[in-house]
Amino acid sequence: MVLRMTHAAAQSGSIPFRAGMPGARALAVRTEAVIRLVGLRKSFGEQVVLDGINMDIRPAETTVVLGPSGCGKSVMLKHIVGLLNPDAGQVWFEGRRVDTLNERQWREVRLRIGLLFQMGALFDSMSVGQNIEFPLIEHTTMTREERRRRIAAALETVDLRGIESKLPGQLSGGQRKRVALARAIVLEPRVVLYDEPTTGLDPVRSDGINELILKLKREMGVTNIVVTHDLTSARKVADRVVMLLNGKVLADGTYDEVARIRDSRVQHFLLGQYVRGDDVAIPEQSDTSGHREPADTL
Ligand SMILES: Nc1ncnc2c1ncn2[C@@H]1O[C@H](COP(=O)(O)OP(=O)(O)OP(=O)(O)O)[C@@H](O)[C@H]1O
Ligand SMILES: [Mg+2]
């Protein structure tokens, strides 16, 4: 059972899917979920990671995904961009079923989705400009001058100017995250996925990233999905919070609504306590900097 507080949130799992209805298409494009996960299941060997995830991601909203380490947040994001295939269930993007696509078709869908990896991996041997240019060369026929202007605009968006010729090694952690975000948005995606965007940053730099997440939604209508352990960040950026536990959606609502849910598992997570009997340790609320994952994970 999913713990929900509001009427609106309670409706979120049941918005009728209208993609196939003639005449309803134009309306549906505006109102239907941008991303829809239906009964998503994924196991690795004996380990069940996703155990029937149902989720609608609404357009131009910021959905924050919370949950203990190892609960499947990154695995869920990987399904949204086709880096993993579900064992059962479906993934829909803009009214189109995508989990059945081949690799060539996925490339087209991925152009609409920006991805900020867990460690914001940049190519260290390439300059900032070349890092951001990479998707433009791969996926567009822009001229050199068009690319130059687009790179400058992306850097401007993340409040960094004139650092095209710098190498990633010459930047601070916060600047690297911003450059990675500039690269993620340079193709002007409709959806941006962030896997722990503030991890390892001090509170001021973290807040800078929060502001950028809000700005992308506000100024470009981006649909954001933010996976985080950082509850301060969650509270600030979330229109909606989805909490995962044991492969299922445990709670769904605004931050304040979820915080009011009188379920010990929800409360323990938000208060940063270990839940006895669970097989996972819940991270300390204040300890968002100690969390580490290898750079090659999503
Ligand atoms: N490719 C894979 N092969 C085998 N097991 C995997 C694979 N990817 C993830 N897992 C396992 O699935 C579980 C969920 O992993 P996932 O990376 O989604 O966790 P998470 O919720 O993102 O955790 P964190 O908050 O620490 O990043 C973990 O137990 C992980 O070891
Ligand atoms: Mg993860």
# chains A, B, ... in the order shown; residues from 1 in each chain; ligands from 1
$ select_by_dssp --residues "stretch 4-230 of chain A" --states "strand (DSSP E or B)" --output "ChimeraX atom specification"
/A:4,35-44,47-57,62-66,88-93,96-97,113-116,191-195,223-227
$ closest_atom_pairs --of "chain A" --to "ligand 1" --cutoff "7 Å" --atoms "only C-alpha atoms and all ligand atoms" --output "CSV"
residue,atom,partner,partner_atom_place_in_ligand_line,distance
A:Phe44,CA,ligand 1,4 (C),5.0
A:Val49,CA,ligand 1,12 (O),5.5
A:Gly67,CA,ligand 1,21 (O),6.5
A:Pro68,CA,ligand 1,25 (O),5.9
A:Ser69,CA,ligand 1,25 (O),3.5
A:Gly70,CA,ligand 1,19 (O),3.4
A:Cys71,CA,ligand 1,21 (O),4.0
A:Gly72,CA,ligand 1,18 (O),3.1
A:Lys73,CA,ligand 1,21 (O),3.8
A:Ser74,CA,ligand 1,18 (O),3.7
A:Val75,CA,ligand 1,18 (O),3.8
A:Met76,CA,ligand 1,18 (O),6.4
A:His229,CA,ligand 1,25 (O),7.0
A:Glu293,CA,ligand 1,27 (O),6.5
$ write_last_selection --atoms "C-alpha atoms" --output "PDB file, in the first residue's frame"
ATOM      1  CA  PHE A  44      19.638  -9.304  -9.654  1.00  0.00           C
ATOM      2  CA  VAL A  49      15.404  -4.698  -6.013  1.00  0.00           C
ATOM      3  CA  GLY A  67      14.948   5.952   0.314  1.00  0.00           C
ATOM      4  CA  PRO A  68      17.713   4.136   2.142  1.00  0.00           C
ATOM      5  CA  SER A  69      20.969   3.266   0.451  1.00  0.00           C
ATOM      6  CA  GLY A  70      20.572   0.204  -1.731  1.00  0.00           C
ATOM      7  CA  CYS A  71      16.780   0.449  -2.033  1.00  0.00           C
ATOM      8  CA  GLY A  72      16.917   0.756  -5.819  1.00  0.00           C
ATOM      9  CA  LYS A  73      16.813   4.487  -6.563  1.00  0.00           C
ATOM     10  CA  SER A  74      19.632   4.421  -9.113  1.00  0.00           C
ATOM     11  CA  VAL A  75      18.290   1.168 -10.563  1.00  0.00           C
ATOM     12  CA  MET A  76      14.961   2.911 -11.079  1.00  0.00           C
ATOM     13  CA  HIS A 229      19.751  11.579   0.687  1.00  0.00           C
ATOM     14  CA  GLU A 293      29.472   5.453  -4.694  1.00  0.00           C
TER      15      GLU A 293
END
$ residues_around --residues "A:Asp207" --least-positions-apart "6" --cutoff "9 Å" --atoms "only C-alpha atoms" --output "list in words"
Thr198, Thr232, Ser233 and Lys236 of chain A
$ closest_residue --among "A:Val237, A:Ile35, A:Leu66, A:Val158" --to "ligand 2" --atoms "only C-alpha atoms and all ligand atoms"
A:Leu66
$ residues_around --residues "A:Leu231" --least-positions-apart "4" --cutoff "12 Å" --atoms "only C-alpha atoms" --output "PyMOL selection string"
chain A and resi 64-67+196+198-199+203+206-207+210+226-227+235-238+241+243+255-256+259+269-272+283-288
$ write_last_selection --atoms "N, CA and C atoms" --output "short mmCIF file (atom, residue, chain, number, x, y, z; two decimals), in the first residue's frame"
data_model
loop_
_atom_site.label_atom_id
_atom_site.label_comp_id
_atom_site.auth_asym_id
_atom_site.auth_seq_id
_atom_site.Cartn_x
_atom_site.Cartn_y
_atom_site.Cartn_z
N VAL A 64 11.12 14.29 -6.00
CA VAL A 64 12.30 13.84 -5.27
C VAL A 64 12.08 12.40 -4.83
N VAL A 65 13.05 11.55 -5.12
CA VAL A 65 12.95 10.14 -4.74
C VAL A 65 13.88 9.92 -3.54
N LEU A 66 13.28 9.52 -2.43
CA LEU A 66 14.03 9.26 -1.20
C LEU A 66 14.00 7.77 -0.91
N GLY A 67 14.96 7.34 -0.13
CA GLY A 67 14.95 5.95 0.31
C GLY A 67 16.33 5.55 0.75
N GLU A 196 21.72 12.08 -6.77
CA GLU A 196 22.44 12.67 -5.64
C GLU A 196 23.28 13.87 -6.06
N THR A 198 23.77 16.76 -4.77
CA THR A 198 24.45 17.60 -3.77
C THR A 198 25.44 16.80 -2.92
N THR A 199 25.54 15.51 -3.17
CA THR A 199 26.45 14.69 -2.37
C THR A 199 27.89 15.21 -2.45
N PRO A 203 27.19 23.01 2.39
CA PRO A 203 25.79 23.49 2.35
C PRO A 203 25.56 24.63 1.37
N SER A 206 25.69 23.16 -2.10
CA SER A 206 24.49 22.33 -2.27
C SER A 206 23.30 23.21 -2.60
N ASP A 207 23.21 24.32 -1.88
CA ASP A 207 22.07 25.18 -2.11
C ASP A 207 22.13 25.81 -3.50
N ASN A 210 20.57 23.32 -5.64
CA ASN A 210 19.11 23.37 -5.44
C ASN A 210 18.50 24.50 -6.26
N VAL A 226 14.79 13.96 -8.89
CA VAL A 226 16.00 14.12 -8.07
C VAL A 226 16.07 13.00 -7.05
N VAL A 227 17.09 12.16 -7.17
CA VAL A 227 17.34 11.15 -6.15
C VAL A 227 18.32 11.75 -5.16
N ARG A 235 13.50 19.03 0.75
CA ARG A 235 12.46 19.95 1.23
C ARG A 235 12.39 21.20 0.34
N LYS A 236 13.55 21.65 -0.11
CA LYS A 236 13.59 22.89 -0.88
C LYS A 236 13.08 22.70 -2.32
N VAL A 237 13.47 21.62 -2.97
CA VAL A 237 13.17 21.52 -4.41
C VAL A 237 11.91 20.73 -4.74
N ALA A 238 11.43 19.90 -3.80
CA ALA A 238 10.38 18.94 -4.16
C ALA A 238 9.00 19.55 -4.28
N VAL A 241 7.34 14.23 -3.14
CA VAL A 241 8.33 13.29 -2.63
C VAL A 241 7.78 11.88 -2.78
N MET A 243 8.82 8.07 -1.60
CA MET A 243 9.77 7.33 -0.77
C MET A 243 9.72 5.85 -1.12
N TYR A 255 6.45 17.22 0.46
CA TYR A 255 7.37 16.94 1.58
C TYR A 255 6.62 17.02 2.91
N ASP A 256 5.87 18.08 3.08
CA ASP A 256 5.17 18.26 4.36
C ASP A 256 4.12 17.18 4.58
N ALA A 259 5.96 14.12 5.55
CA ALA A 259 6.49 14.28 6.92
C ALA A 259 5.41 14.08 7.98
N PHE A 269 12.94 7.34 8.65
CA PHE A 269 13.79 7.80 7.55
C PHE A 269 13.99 9.31 7.62
N LEU A 270 12.91 10.01 7.83
CA LEU A 270 13.02 11.48 7.84
C LEU A 270 13.79 11.99 9.06
N LEU A 271 13.75 11.21 10.14
CA LEU A 271 14.50 11.62 11.32
C LEU A 271 15.92 11.07 11.31
N GLY A 272 16.22 10.27 10.28
CA GLY A 272 17.58 9.77 10.14
C GLY A 272 17.94 8.70 11.15
N PRO A 283 20.58 6.37 6.41
CA PRO A 283 21.66 7.32 6.66
C PRO A 283 21.25 8.43 7.62
N GLU A 284 22.25 8.97 8.31
CA GLU A 284 22.00 10.09 9.19
C GLU A 284 21.48 11.26 8.39
N GLN A 285 20.53 12.00 8.95
CA GLN A 285 19.97 13.14 8.24
C GLN A 285 21.04 14.18 7.92
N SER A 286 21.96 14.38 8.86
CA SER A 286 22.95 15.43 8.67
C SER A 286 24.13 14.95 7.82
N ASP A 287 24.25 13.63 7.67
CA ASP A 287 25.43 13.11 6.99
C ASP A 287 25.14 12.87 5.52
N THR A 288 25.15 13.91 4.74
CA THR A 288 24.94 13.72 3.31
C THR A 288 26.27 13.70 2.59
#
$ residues_around --residues "A:Arg36" --least-positions-apart "2" --cutoff "7 Å" --atoms "only C-alpha atoms" --output "count of residues only"
9
$ closest_residue --among "A:Gln118, A:Asn85, A:Ser43, A:Thr254" --to "ligand 2" --atoms "only C-alpha atoms and all ligand atoms"
A:Gln118
$ atom_distance --atom1 "atom CA of A:Gly114" --atom2 "atom CA of A:Val204"
24.0 Å
